[in-house]
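Asks: Got a structure for you, written out below as structure tokens; questions coming shortly.
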Number of protein chains: 4
Amino acid sequence: MVNVTVWNENRHEQKNPLVREIYPKGIHGVIADFLNEEGLDVRTATLDEPEHGLTDDVLSETDVLIWWGHLAHHEVADEIVQKVKERVLNGMGLIVLHSGHFSKIFKSLMGTTCDLKWREADEKERLWVVDPSHPIVEGIGEYIELEKEEMYGEHFDIPAPDQLLFMSWFEGGEVFRSGCTYQRGKGKIFYFRPGHETYPTYHHTEIQQVIKNAVHWAKPTELPKPVYGNAKPLEEIKQKN
Amino acid sequence: MVNVTVWNENRHEQKNPLVREIYPKGIHGVIADFLNEEGLDVRTATLDEPEHGLTDDVLSETDVLIWWGHLAHHEVADEIVQKVKERVLNGMGLIVLHSGHFSKIFKSLMGTTCDLKWREADEKERLWVVDPSHPIVEGIGEYIELEKEEMYGEHFDIPAPDQLLFMSWFEGGEVFRSGCTYQRGKGKIFYFRPGHETYPTYHHTEIQQVIKNAVHWAKPTELPKPVYGNAKPLEEIKQKN
Amino acid sequence: MVNVTVWNENRHEQKNPLVREIYPKGIHGVIADFLNEEGLDVRTATLDEPEHGLTDDVLSETDVLIWWGHLAHHEVADEIVQKVKERVLNGMGLIVLHSGHFSKIFKSLMGTTCDLKWREADEKERLWVVDPSHPIVEGIGEYIELEKEEMYGEHFDIPAPDQLLFMSWFEGGEVFRSGCTYQRGKGKIFYFRPGHETYPTYHHTEIQQVIKNAVHWAKPTELPKPVYGNAKPLEEIKQKN
Amino acid sequence: MVNVTVWNENRHEQKNPLVREIYPKGIHGVIADFLNEEGLDVRTATLDEPEHGLTDDVLSETDVLIWWGHLAHHEVADEIVQKVKERVLNGMGLIVLHSGHFSKIFKSLMGTTCDLKWREADEKERLWVVDPSHPIVEGIGEYIELEKEEMYGEHFDIPAPDQLLFMSWFEGGEVFRSGCTYQRGKGKIFYFRPGHETYPTYHHTEIQQVIKNAVHWAKPTELPKPVYGNAKPLEEIKQKN
């Protein structure tokens, strides 16, 4: 059984009736719902809860953490970010969605600015599969088409992904690396671009399928934590002059 | 249910009593046995069977093919190699073991000579895990130690692996990239170094664990085959002068 | 001094007046011209010369080979392809242009079908830089825009590039990995997408700049060839029971 | 002309007569000397200078920064680290040596703990070349042998390198990824393992050669900085309902 925590900033939902109409239970709510149907054990957590809902207990019980944030990245406490980072390096999967590219946790794990181009213009996005061998694209056709989305364009200031799964075409003329995997310590990370709050992207069946697949892919690998620090030799070392 | 075919050249077993003593049912036999215990659907195939045991039916029903060969790479018919290659590019997983580095199928998928250094000297090998996030190393400690193995040393003339999972230390002074993953078309490939025929390597629990893990990792991703060739535009193209 | 050989199939130029008008000296001619201006030592070779112009002497003196072919990949003799491959693995740089994706030499070095989508429709291409640290993109802006080009679309059946430098946006709705680097043996390979014969692409300043940069990047690294085969131990191996 | 700044913590040299004997002008002194002989424009900077010798002027004039630190990583001011990071992301090359793996700048750019195993036991290290195509290994044989060095062992908690150039064998039984390249923003990074302060490693000709090669490889790529933020469309976006 995979334990998933869906974290959402949950601010647009409070301020913008349009967002509330699309996501009456919040972005976290719709994601939790379709993951629940997949038979996963899902909880949600939001910014305004104590410790942002990410207590030590919650983090230690979480196999895969999903992250959506946008307006209030700076309000996420540094000590919580540090705890999440340690959990990722110790094996917890992390799925960063859309505007989460600018979250403290993602920037800290990437080591770069994670900056990009953007535009809100009701434009078409087409996400092309470029690695058809990867379990995260299981069940997806050649591309996913989204009638209206926010544009994110290159240059996307990230480290070269370990595996590039999706590349986006945008109506306005840009491209973007939209599905990227990374290994960090014992943890697996997947960045997935779509999901602007004013569009029903997380109701889209194929977008849901990718996120479901990513949860299964990102679950922790069970093995002892590597031992660091001073180490006795495993073989005899010859004395030298 | 994952369908596995274990292919073995099965020549050393006929010629060398020592090999027969270690592997009375052949190298393919011991591998099939421990995969069967894992609940997989396993068959074996060997060089001297008609079509090397790799008929169209067998290949089309195989999710993951395991390959061990050494003495008789040149006896494997080119048309069978071509069929195996097409199946890999269409999604069948391929696990290439030890001296399979010089097999026609591996060289053809890599595009390089796959040459290396080697030595048979009853020497110690220690395979260090360098990517503790990867499902193929699940359940493995910091390293696997083999009391006696054949040495394979760098430079190993392969493309840089997509993911490097194990690096070997050899008593005689060499190192080797011992666990390497590759994506080719819709297929996933894992090269795993250990397994010289005169040592009981495939009876080793952790070696078995890695191969079991690799089978699960390498199973096909289900999605439609990409469409190639001439394509109608998805968007209107403006007439130009 | 870097010695460059520009190889061109040189068939479209014989058959199609439009191509001859754009490239009166052939595609190889225009490429040789702008590389000469860069101070490189350039020669050309074409399919219909003896040994396709790629004699042992030419190959051994070539630091970087540029390859353009389309109609007649099958007419390139296998033994010449094998010689070119050996030279690449021994350090010669290889720059494969446009329809060269289907050349024997590129497919053999990649190990995949190198298939893709395509369309001739006078459509706009925009090549976005995705790795602004790489010497091959020196002097290039955020993107290169080509008013009219042939479309190549994903899925492009290649191994994941070691480094992805350009991603193309096409007017008709597709994307493509347009600038890809690979290491094979001692050699460096760069695939660069643009260059359909009926468009003046190789007269475009920035396209020329990329090819010049690529030549400098691809030149051989001078070091002894690795030694392969049976190897004496560098350290004492303990006798075991 | 490439401008190099060699940064050294320069504390061991003050405290330990043995280190002072090996490096009378400091570790930075010997590195500066052999780079000067290469015709590079070299300056040095050390921890105890104002702003650690890394003023805005120095940083803006530096093409490649070399970093050696060990005892006093925590004494490097965060604002200086931030400035160095911005320069790297904007194109300055960074070469991190040995115990610099634990420097603030390296950890910040990697996003991981950069932890490892270590041992001081006068043991032999052999650095094997695993990518003979890369300019950083030019002029190096199959391996570099160091009679006595500190051991660093896997697991090394770094992101998978973009390119792995060297793998170390240690007498005591460990292996290590000893030469690793990374792209971050417009900058290129090279981590090179050897260089414990009590051994004459930086007097070793081949170690010097690798560092010289790395300086040339890491120099900035000249192109405009990518534009980030809100972007006007390059193509017309159709109005939708």
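Ligands are numbered from 1 in the order shown, chains are lettered A, B, ... in the order of the structure tokens, and residues start at 1 in each chain.
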Show me which bits of chain A are within 6 Å of chain D, counting only C-alpha atoms, as an MDAnalysis selection string.
Replies: chainID A and resid 108:111 116:119 157 159 172:173 184:185 228:231 233:235 237
Asks: Which residues are close to Val84 (chain A), i.e. within 10 Å by only C-alpha atoms, leaving aside same-chain residues fewer than 4 positions away? Reply as a list in words.
Replies: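 My reading of the contact set: Leu54, Thr55, Asp56, Leu59, Ser60, Leu65, Asp78, Glu79, Ile80, Val88, Leu89, Asn90, Met92, Leu94 and Ile105 of chain A.
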Asks: For Leu223 (chain A), which residue among B:Ile189, B:Leu71, B:Val137, B:Val210 is the nearest when counting only C-alpha atoms?
Replies: B:Val137
Asks: Per DSSP on the backbone, what are the alpha helix (DSSP H) residues of region 23-203 of chain C, as a VMD selection string?
Replies: chain C and resid 26 to 37 56 to 61 78 to 89 104 to 110
Asks: Any idea what the distance is between CA of Thr5 (chain D) and CA of Ile95 (chain D)?
Replies: 10.3 Å
Asks: Find the spatial neighbours of Gly139 (chain B), counting only C-alpha atoms, within a cut-off of 10 Å - ignore same-chain residues fewer than 3 positions away - and output them as JSON, numbers by chain.
Replies: {"A": [221, 222, 223, 224], "B": [135, 136, 142, 206, 209, 210, 213]}
Asks: For a test of reading the model, state the distance in Å between CA of Gly100 (chain D) and CA of Pro194 (chain D), rounded to one decimal.
Replies: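 Those two atoms sit 10.5 Å apart.
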